[in-house]
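Q: Structure incoming, see below.
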Amino acid sequence: MKIGQYELHSIETGRFALDGGAMFGIVPKELWSKLHPADDKNRIDMALRSLLIMDDKRKILIDTGIGTKLSKKIQKIYKLDQTEHNLEASLEKYDLEAKDITDVILTHLHLDHVGGATYLKGKKLKLTFPNATYYVQKTHHEWASKPSERDKGSFIIEDFKTIEREGKLRLIDGYAMILPNIDVIIYDGHTIGQQVIKISDGIDTLVYCSDVIPFTSHINLPYIPSYDINPITSVEDKEKLLTRACEGDWILFFEHDPVIEAVKVVKAEKGFTIKETISL
Ligand SMILES: [Zn+2]
């Protein structure tokens, strides 16, 4: 897909699984399990789908997946599988290596979004993308550096402290056009200062929804993950994003949907519904 000067590609870095109940909050299993069948441990399949944005000058990546440095025990809990999809193979399709990436925009610092930014070499953490600048919202970085007891399990502090130590972290303070035709919308429901990324040339627009709308099934407004620290704000965030997407005929891109990469939406009698599914 092309938007303005950019070529956009979907980059899968692995598959994993999380508890279905946690992904849908108060929604009964009877409803969500029809859309997302659970395994014997109640886990449902999830994609780790980054977005590669390229022009003559830049090779930009949005989010980095979970990475390769989790312990075998944790990998088993998350059912992590990087045999079919992994960062190296996905970049190779476009004749790229990690060192070619110029910019990494991180929607937030949860371990399944920033984990791939570093890897273990012996006992030391190294930057996966040594030549890139990494962008995060300032308010989110503050939160992630000192998370609450409830959500601290979603962060591995070293994931982003390594980027900081290498002098590659750029903190964005609120709204910004981070790069030409790439700006951000900030939402505080899922976590504080999550940035949703908007790529637009004024005619076509694609939004990388991150965890504001992880799956297409979350287009249904009350479907809010229990990971979210401010669930009421999450519903409001989602409604705002979906309303703007309808008005602007935006393409919504999903990081975690196991099947669908992207859709356009329309208003429905109750809430919103899918108008068309899109493959990049
Ligand atoms: Zn998250």
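Each chain of the structure tokens is named A, B, ... in the order shown, its residues numbered from 1; ligands are numbered from 1 in display order.
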List as a Markdown table every residue of chain A that is in contact with ligand 1, defined as an atom at most 8 Å from one of its atoms (using only C-alpha atoms and all ligand atoms), together with the nearest atom pair and the distance in Å rounded to one decimal, sorted by chain and then rising number.

A:
| residue | atom | partner | partner_atom_place_in_ligand_line | distance |
| --- | --- | --- | --- | --- |
| A:His108 | CA | ligand 1 | 1 (Zn) | 6.7 |
| A:Leu109 | CA | ligand 1 | 1 (Zn) | 7.4 |
| A:His110 | CA | ligand 1 | 1 (Zn) | 5.0 |
| A:Leu111 | CA | ligand 1 | 1 (Zn) | 7.8 |
| A:Asp112 | CA | ligand 1 | 1 (Zn) | 7.2 |
| A:His113 | CA | ligand 1 | 1 (Zn) | 7.1 |
| A:Ser154 | CA | ligand 1 | 1 (Zn) | 7.5 |
| A:His190 | CA | ligand 1 | 1 (Zn) | 6.6 |
| A:Thr191 | CA | ligand 1 | 1 (Zn) | 7.2 |
| A:Ser210 | CA | ligand 1 | 1 (Zn) | 7.4 |
| A:Asp211 | CA | ligand 1 | 1 (Zn) | 5.3 |
| A:Tyr227 | CA | ligand 1 | 1 (Zn) | 7.6 |
| A:Asp228 | CA | ligand 1 | 1 (Zn) | 8.0 |

Q: Save the residues we just selected, N, CA and C atoms, as a compact mmCIF listing (two decimals), in the first residue's frame?

A:
# COMPACT_ATOMS: atom_id res chain seq x y z
N HIS A 108 3.75 2.37 22.88
CA HIS A 108 3.94 2.39 24.33
C HIS A 108 4.96 1.32 24.70
N LEU A 109 5.27 1.20 25.96
CA LEU A 109 6.42 0.40 26.37
C LEU A 109 6.05 -0.94 27.01
N HIS A 110 4.83 -1.42 26.77
CA HIS A 110 4.50 -2.78 27.22
C HIS A 110 5.42 -3.77 26.51
N LEU A 111 5.73 -4.86 27.20
CA LEU A 111 6.79 -5.76 26.73
C LEU A 111 6.51 -6.36 25.36
N ASP A 112 5.24 -6.47 24.94
CA ASP A 112 4.95 -7.04 23.62
C ASP A 112 5.02 -5.99 22.51
N HIS A 113 5.38 -4.75 22.87
CA HIS A 113 5.52 -3.68 21.87
C HIS A 113 6.97 -3.20 21.75
N SER A 154 3.46 -5.64 33.08
CA SER A 154 3.44 -5.41 31.62
C SER A 154 4.71 -4.75 31.10
N HIS A 190 -5.74 2.67 28.05
CA HIS A 190 -5.00 1.40 28.19
C HIS A 190 -3.81 1.58 29.14
N THR A 191 -3.07 2.66 28.92
CA THR A 191 -1.98 3.06 29.81
C THR A 191 -1.85 4.58 29.66
N SER A 210 -2.71 0.13 17.74
CA SER A 210 -2.07 -0.42 18.93
C SER A 210 -3.12 -0.98 19.90
N ASP A 211 -2.98 -0.76 21.19
CA ASP A 211 -3.90 -1.39 22.14
C ASP A 211 -5.15 -0.55 22.45
N TYR A 227 -6.48 -5.44 31.06
CA TYR A 227 -5.14 -4.85 31.23
C TYR A 227 -5.24 -3.33 31.35
N ASP A 228 -6.32 -2.74 30.79
CA ASP A 228 -6.43 -1.27 30.73
C ASP A 228 -6.52 -0.67 32.13

Q: Please provide as a list in words all residues within 8 Å of Lys69 in chain A, with the sequence filter that same-chain residues fewer than 3 positions apart are discarded (counting only C-alpha atoms).

A: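 Listing them by chain and then by number gives Gly115, Tyr119 and Leu120 of chain A.
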
Q: Taking 3 positions as the minimum chain separation for residues in the same chain, which residues sit within 9 Å of Asp201 in chain A when counting only C-alpha atoms? Answer as a ChimeraX atom specification.

A: /A:3-5,181-182,204-205

Q: Output N, CA and C atoms for every residue in the selection just made, as a PDB file, in the first residue's frame.

A:
ATOM      1  N   ILE A   3       0.942   5.466   0.756  1.00  0.00           N
ATOM      2  CA  ILE A   3       0.302   6.699   1.241  1.00  0.00           C
ATOM      3  C   ILE A   3       1.345   7.797   1.097  1.00  0.00           C
ATOM      4  N   GLY A   4       1.044   8.785   0.253  1.00  0.00           N
ATOM      5  CA  GLY A   4       2.009   9.856  -0.009  1.00  0.00           C
ATOM      6  C   GLY A   4       3.311   9.268  -0.518  1.00  0.00           C
ATOM      7  N   GLN A   5       4.409   9.708   0.105  1.00  0.00           N
ATOM      8  CA  GLN A   5       5.730   9.235  -0.343  1.00  0.00           C
ATOM      9  C   GLN A   5       6.080   7.851   0.194  1.00  0.00           C
ATOM     10  N   ASN A 181       4.330  13.655   7.379  1.00  0.00           N
ATOM     11  CA  ASN A 181       3.069  12.909   7.181  1.00  0.00           C
ATOM     12  C   ASN A 181       2.810  11.819   8.237  1.00  0.00           C
ATOM     13  N   ILE A 182       3.555  11.846   9.322  1.00  0.00           N
ATOM     14  CA  ILE A 182       3.319  10.859  10.398  1.00  0.00           C
ATOM     15  C   ILE A 182       3.138  11.609  11.717  1.00  0.00           C
ATOM     16  N   ASP A 204      -5.449   9.806   1.700  1.00  0.00           N
ATOM     17  CA  ASP A 204      -5.557   8.506   2.373  1.00  0.00           C
ATOM     18  C   ASP A 204      -4.923   8.583   3.759  1.00  0.00           C
ATOM     19  N   THR A 205      -5.545   7.874   4.691  1.00  0.00           N
ATOM     20  CA  THR A 205      -5.038   7.864   6.078  1.00  0.00           C
ATOM     21  C   THR A 205      -5.073   6.447   6.627  1.00  0.00           C
TER      22      THR A 205
END

Q: Give me the residues near Ile186 in chain A as a ChimeraX atom specification, where near means some atom within 8 Å (using only C-alpha atoms) and where sequence neighbours in that chain fewer than 3 positions away do not count.

A: /A:174-175,193-196

Q: Extract, using only C-alpha atoms, all DNA, RNA and protein residues at most 10 Å from Ile163 in chain A, discarding same-chain residues fewer than 4 positions from it, and format them as an NGL selection string.

A: :A and (117-118 or 125-130 or 132-134 or 158-159 or 167-170)

Q: For Leu87 in chain A, list every protein, DNA or RNA residue within 8 Å, evaluated using only C-alpha atoms, and leave out those in the same chain fewer than 4 positions away; present the list as a short mmCIF file (atom, residue, chain, number, x, y, z; two decimals) with all heavy atoms, in the first residue's frame.

A:
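Written out: out_28.cif:
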data_model
loop_
_atom_site.label_atom_id
_atom_site.label_comp_id
_atom_site.auth_asym_id
_atom_site.auth_seq_id
_atom_site.Cartn_x
_atom_site.Cartn_y
_atom_site.Cartn_z
N ILE A 11 4.41 -6.21 8.98
CA ILE A 11 5.58 -7.01 9.35
C ILE A 11 5.22 -7.84 10.58
O ILE A 11 5.06 -7.30 11.67
CB ILE A 11 6.76 -6.06 9.74
CG1 ILE A 11 7.28 -5.31 8.54
CG2 ILE A 11 7.87 -6.78 10.47
CD1 ILE A 11 8.24 -6.11 7.71
N GLU A 12 5.10 -9.15 10.43
CA GLU A 12 4.80 -9.97 11.61
C GLU A 12 6.10 -10.44 12.26
O GLU A 12 7.01 -10.89 11.57
CB GLU A 12 3.92 -11.16 11.23
CG GLU A 12 2.49 -10.73 10.92
CD GLU A 12 1.47 -11.81 11.24
OE1 GLU A 12 1.59 -12.46 12.30
OE2 GLU A 12 0.56 -11.99 10.42
N THR A 13 6.16 -10.30 13.58
CA THR A 13 7.38 -10.69 14.29
C THR A 13 7.17 -11.90 15.19
O THR A 13 8.07 -12.29 15.93
CB THR A 13 7.91 -9.51 15.15
OG1 THR A 13 6.94 -9.24 16.17
CG2 THR A 13 8.15 -8.27 14.32
N GLY A 14 5.99 -12.50 15.12
CA GLY A 14 5.73 -13.68 15.92
C GLY A 14 4.25 -13.81 16.23
O GLY A 14 3.43 -12.97 15.81
N LEU A 91 11.75 -8.73 7.67
CA LEU A 91 12.50 -7.61 7.06
C LEU A 91 13.18 -8.06 5.76
O LEU A 91 13.25 -7.30 4.79
CB LEU A 91 13.55 -7.08 8.04
CG LEU A 91 13.05 -6.26 9.22
CD1 LEU A 91 14.22 -5.84 10.11
CD2 LEU A 91 12.28 -5.01 8.77
#

Q: Identify, on the basis of only C-alpha atoms, every residue whose closest approach to range 16-21 of chain A does not exceed 7 Å; exclude the query and any residue fewer than 5 positions from it along the same chain; express the result as number ranges by chain.

A: A: 29, 38, 42-47, 78-81

Q: Output all heavy atoms for every residue in the selection just made, as an mmCIF file, in the first residue's frame.

A:
data_model
loop_
_atom_site.group_PDB
_atom_site.id
_atom_site.type_symbol
_atom_site.label_atom_id
_atom_site.label_comp_id
_atom_site.auth_asym_id
_atom_site.auth_seq_id
_atom_site.Cartn_x
_atom_site.Cartn_y
_atom_site.Cartn_z
ATOM 1 N N LYS A 29 -17.378 -15.234 28.453
ATOM 2 C CA LYS A 29 -16.656 -16.141 27.547
ATOM 3 C C LYS A 29 -17.583 -16.703 26.463
ATOM 4 O O LYS A 29 -17.173 -16.926 25.324
ATOM 5 C CB LYS A 29 -16.029 -17.278 28.364
ATOM 6 C CG LYS A 29 -15.151 -18.181 27.534
ATOM 7 C CD LYS A 29 -14.444 -19.214 28.383
ATOM 8 C CE LYS A 29 -13.559 -20.098 27.514
ATOM 9 N NZ LYS A 29 -12.893 -21.139 28.280
ATOM 10 N N ALA A 38 -10.688 -20.462 22.705
ATOM 11 C CA ALA A 38 -9.621 -20.538 23.724
ATOM 12 C C ALA A 38 -9.015 -21.937 23.747
ATOM 13 O O ALA A 38 -9.691 -22.918 23.434
ATOM 14 C CB ALA A 38 -10.203 -20.203 25.090
ATOM 15 N N ASN A 42 -7.207 -21.452 28.475
ATOM 16 C CA ASN A 42 -8.042 -20.251 28.265
ATOM 17 C C ASN A 42 -7.343 -19.156 27.446
ATOM 18 O O ASN A 42 -7.773 -18.001 27.428
ATOM 19 C CB ASN A 42 -8.518 -19.661 29.602
ATOM 20 C CG ASN A 42 -9.861 -18.958 29.464
ATOM 21 O OD1 ASN A 42 -10.767 -19.475 28.812
ATOM 22 N ND2 ASN A 42 -9.998 -17.777 30.042
ATOM 23 N N ARG A 43 -6.240 -19.513 26.764
ATOM 24 C CA ARG A 43 -5.502 -18.501 25.991
ATOM 25 C C ARG A 43 -6.053 -18.406 24.572
ATOM 26 O O ARG A 43 -6.509 -19.401 24.011
ATOM 27 C CB ARG A 43 -4.012 -18.868 25.921
ATOM 28 C CG ARG A 43 -3.324 -18.854 27.269
ATOM 29 C CD ARG A 43 -1.931 -19.412 27.184
ATOM 30 N NE ARG A 43 -1.938 -20.795 26.718
ATOM 31 C CZ ARG A 43 -0.856 -21.569 26.712
ATOM 32 N NH1 ARG A 43 0.307 -21.106 27.121
ATOM 33 N NH2 ARG A 43 -0.928 -22.818 26.285
ATOM 34 N N ILE A 44 -5.946 -17.201 23.994
ATOM 35 C CA ILE A 44 -6.373 -17.000 22.602
ATOM 36 C C ILE A 44 -5.191 -16.508 21.761
ATOM 37 O O ILE A 44 -4.272 -15.866 22.273
ATOM 38 C CB ILE A 44 -7.561 -16.005 22.508
ATOM 39 C CG1 ILE A 44 -7.198 -14.657 23.139
ATOM 40 C CG2 ILE A 44 -8.799 -16.584 23.156
ATOM 41 C CD1 ILE A 44 -8.216 -13.576 22.869
ATOM 42 N N ASP A 45 -5.233 -16.839 20.461
ATOM 43 C CA ASP A 45 -4.131 -16.495 19.557
ATOM 44 C C ASP A 45 -4.068 -14.997 19.295
ATOM 45 O O ASP A 45 -5.100 -14.352 19.103
ATOM 46 C CB ASP A 45 -4.309 -17.206 18.205
ATOM 47 C CG ASP A 45 -4.059 -18.689 18.343
ATOM 48 O OD1 ASP A 45 -3.391 -19.086 19.318
ATOM 49 O OD2 ASP A 45 -4.551 -19.448 17.482
ATOM 50 N N MET A 46 -2.836 -14.481 19.260
ATOM 51 C CA MET A 46 -2.627 -13.055 19.006
ATOM 52 C C MET A 46 -1.447 -12.857 18.056
ATOM 53 O O MET A 46 -0.441 -13.546 18.165
ATOM 54 C CB MET A 46 -2.341 -12.316 20.318
ATOM 55 C CG MET A 46 -3.481 -12.480 21.282
ATOM 56 S SD MET A 46 -3.471 -11.451 22.742
ATOM 57 C CE MET A 46 -3.009 -9.851 22.266
ATOM 58 N N ALA A 47 -1.604 -11.896 17.155
ATOM 59 C CA ALA A 47 -0.497 -11.550 16.261
ATOM 60 C C ALA A 47 0.414 -10.533 16.937
ATOM 61 O O ALA A 47 0.008 -9.843 17.876
ATOM 62 C CB ALA A 47 -1.046 -10.972 14.963
ATOM 63 N N TYR A 78 3.328 -17.503 27.483
ATOM 64 C CA TYR A 78 2.747 -16.675 26.403
ATOM 65 C C TYR A 78 2.604 -17.437 25.082
ATOM 66 O O TYR A 78 2.208 -16.844 24.081
ATOM 67 C CB TYR A 78 3.606 -15.423 26.161
ATOM 68 C CG TYR A 78 3.552 -14.386 27.264
ATOM 69 C CD1 TYR A 78 4.681 -13.657 27.619
ATOM 70 C CD2 TYR A 78 2.359 -14.114 27.924
ATOM 71 C CE1 TYR A 78 4.644 -12.694 28.618
ATOM 72 C CE2 TYR A 78 2.310 -13.153 28.933
ATOM 73 C CZ TYR A 78 3.455 -12.446 29.270
ATOM 74 O OH TYR A 78 3.406 -11.495 30.250
ATOM 75 N N LYS A 79 2.969 -18.730 25.074
ATOM 76 C CA LYS A 79 2.848 -19.566 23.861
ATOM 77 C C LYS A 79 3.541 -18.883 22.669
ATOM 78 O O LYS A 79 3.021 -18.859 21.548
ATOM 79 C CB LYS A 79 1.356 -19.757 23.552
ATOM 80 C CG LYS A 79 0.965 -21.121 23.045
ATOM 81 C CD LYS A 79 -0.562 -21.133 22.880
ATOM 82 C CE LYS A 79 -1.093 -22.320 22.154
ATOM 83 N NZ LYS A 79 -2.575 -22.270 22.073
ATOM 84 N N LEU A 80 4.698 -18.294 22.959
ATOM 85 C CA LEU A 80 5.397 -17.526 21.927
ATOM 86 C C LEU A 80 5.916 -18.446 20.819
ATOM 87 O O LEU A 80 6.553 -19.457 21.091
ATOM 88 C CB LEU A 80 6.564 -16.750 22.557
ATOM 89 C CG LEU A 80 7.346 -15.846 21.603
ATOM 90 C CD1 LEU A 80 6.460 -14.736 21.034
ATOM 91 C CD2 LEU A 80 8.550 -15.228 22.311
ATOM 92 N N ASP A 81 5.620 -18.085 19.577
ATOM 93 C CA ASP A 81 6.049 -18.884 18.428
ATOM 94 C C ASP A 81 6.617 -17.938 17.369
ATOM 95 O O ASP A 81 5.895 -17.098 16.826
ATOM 96 C CB ASP A 81 4.837 -19.662 17.885
ATOM 97 C CG ASP A 81 5.211 -20.527 16.680
ATOM 98 O OD1 ASP A 81 6.387 -20.490 16.254
ATOM 99 O OD2 ASP A 81 4.325 -21.232 16.175
#
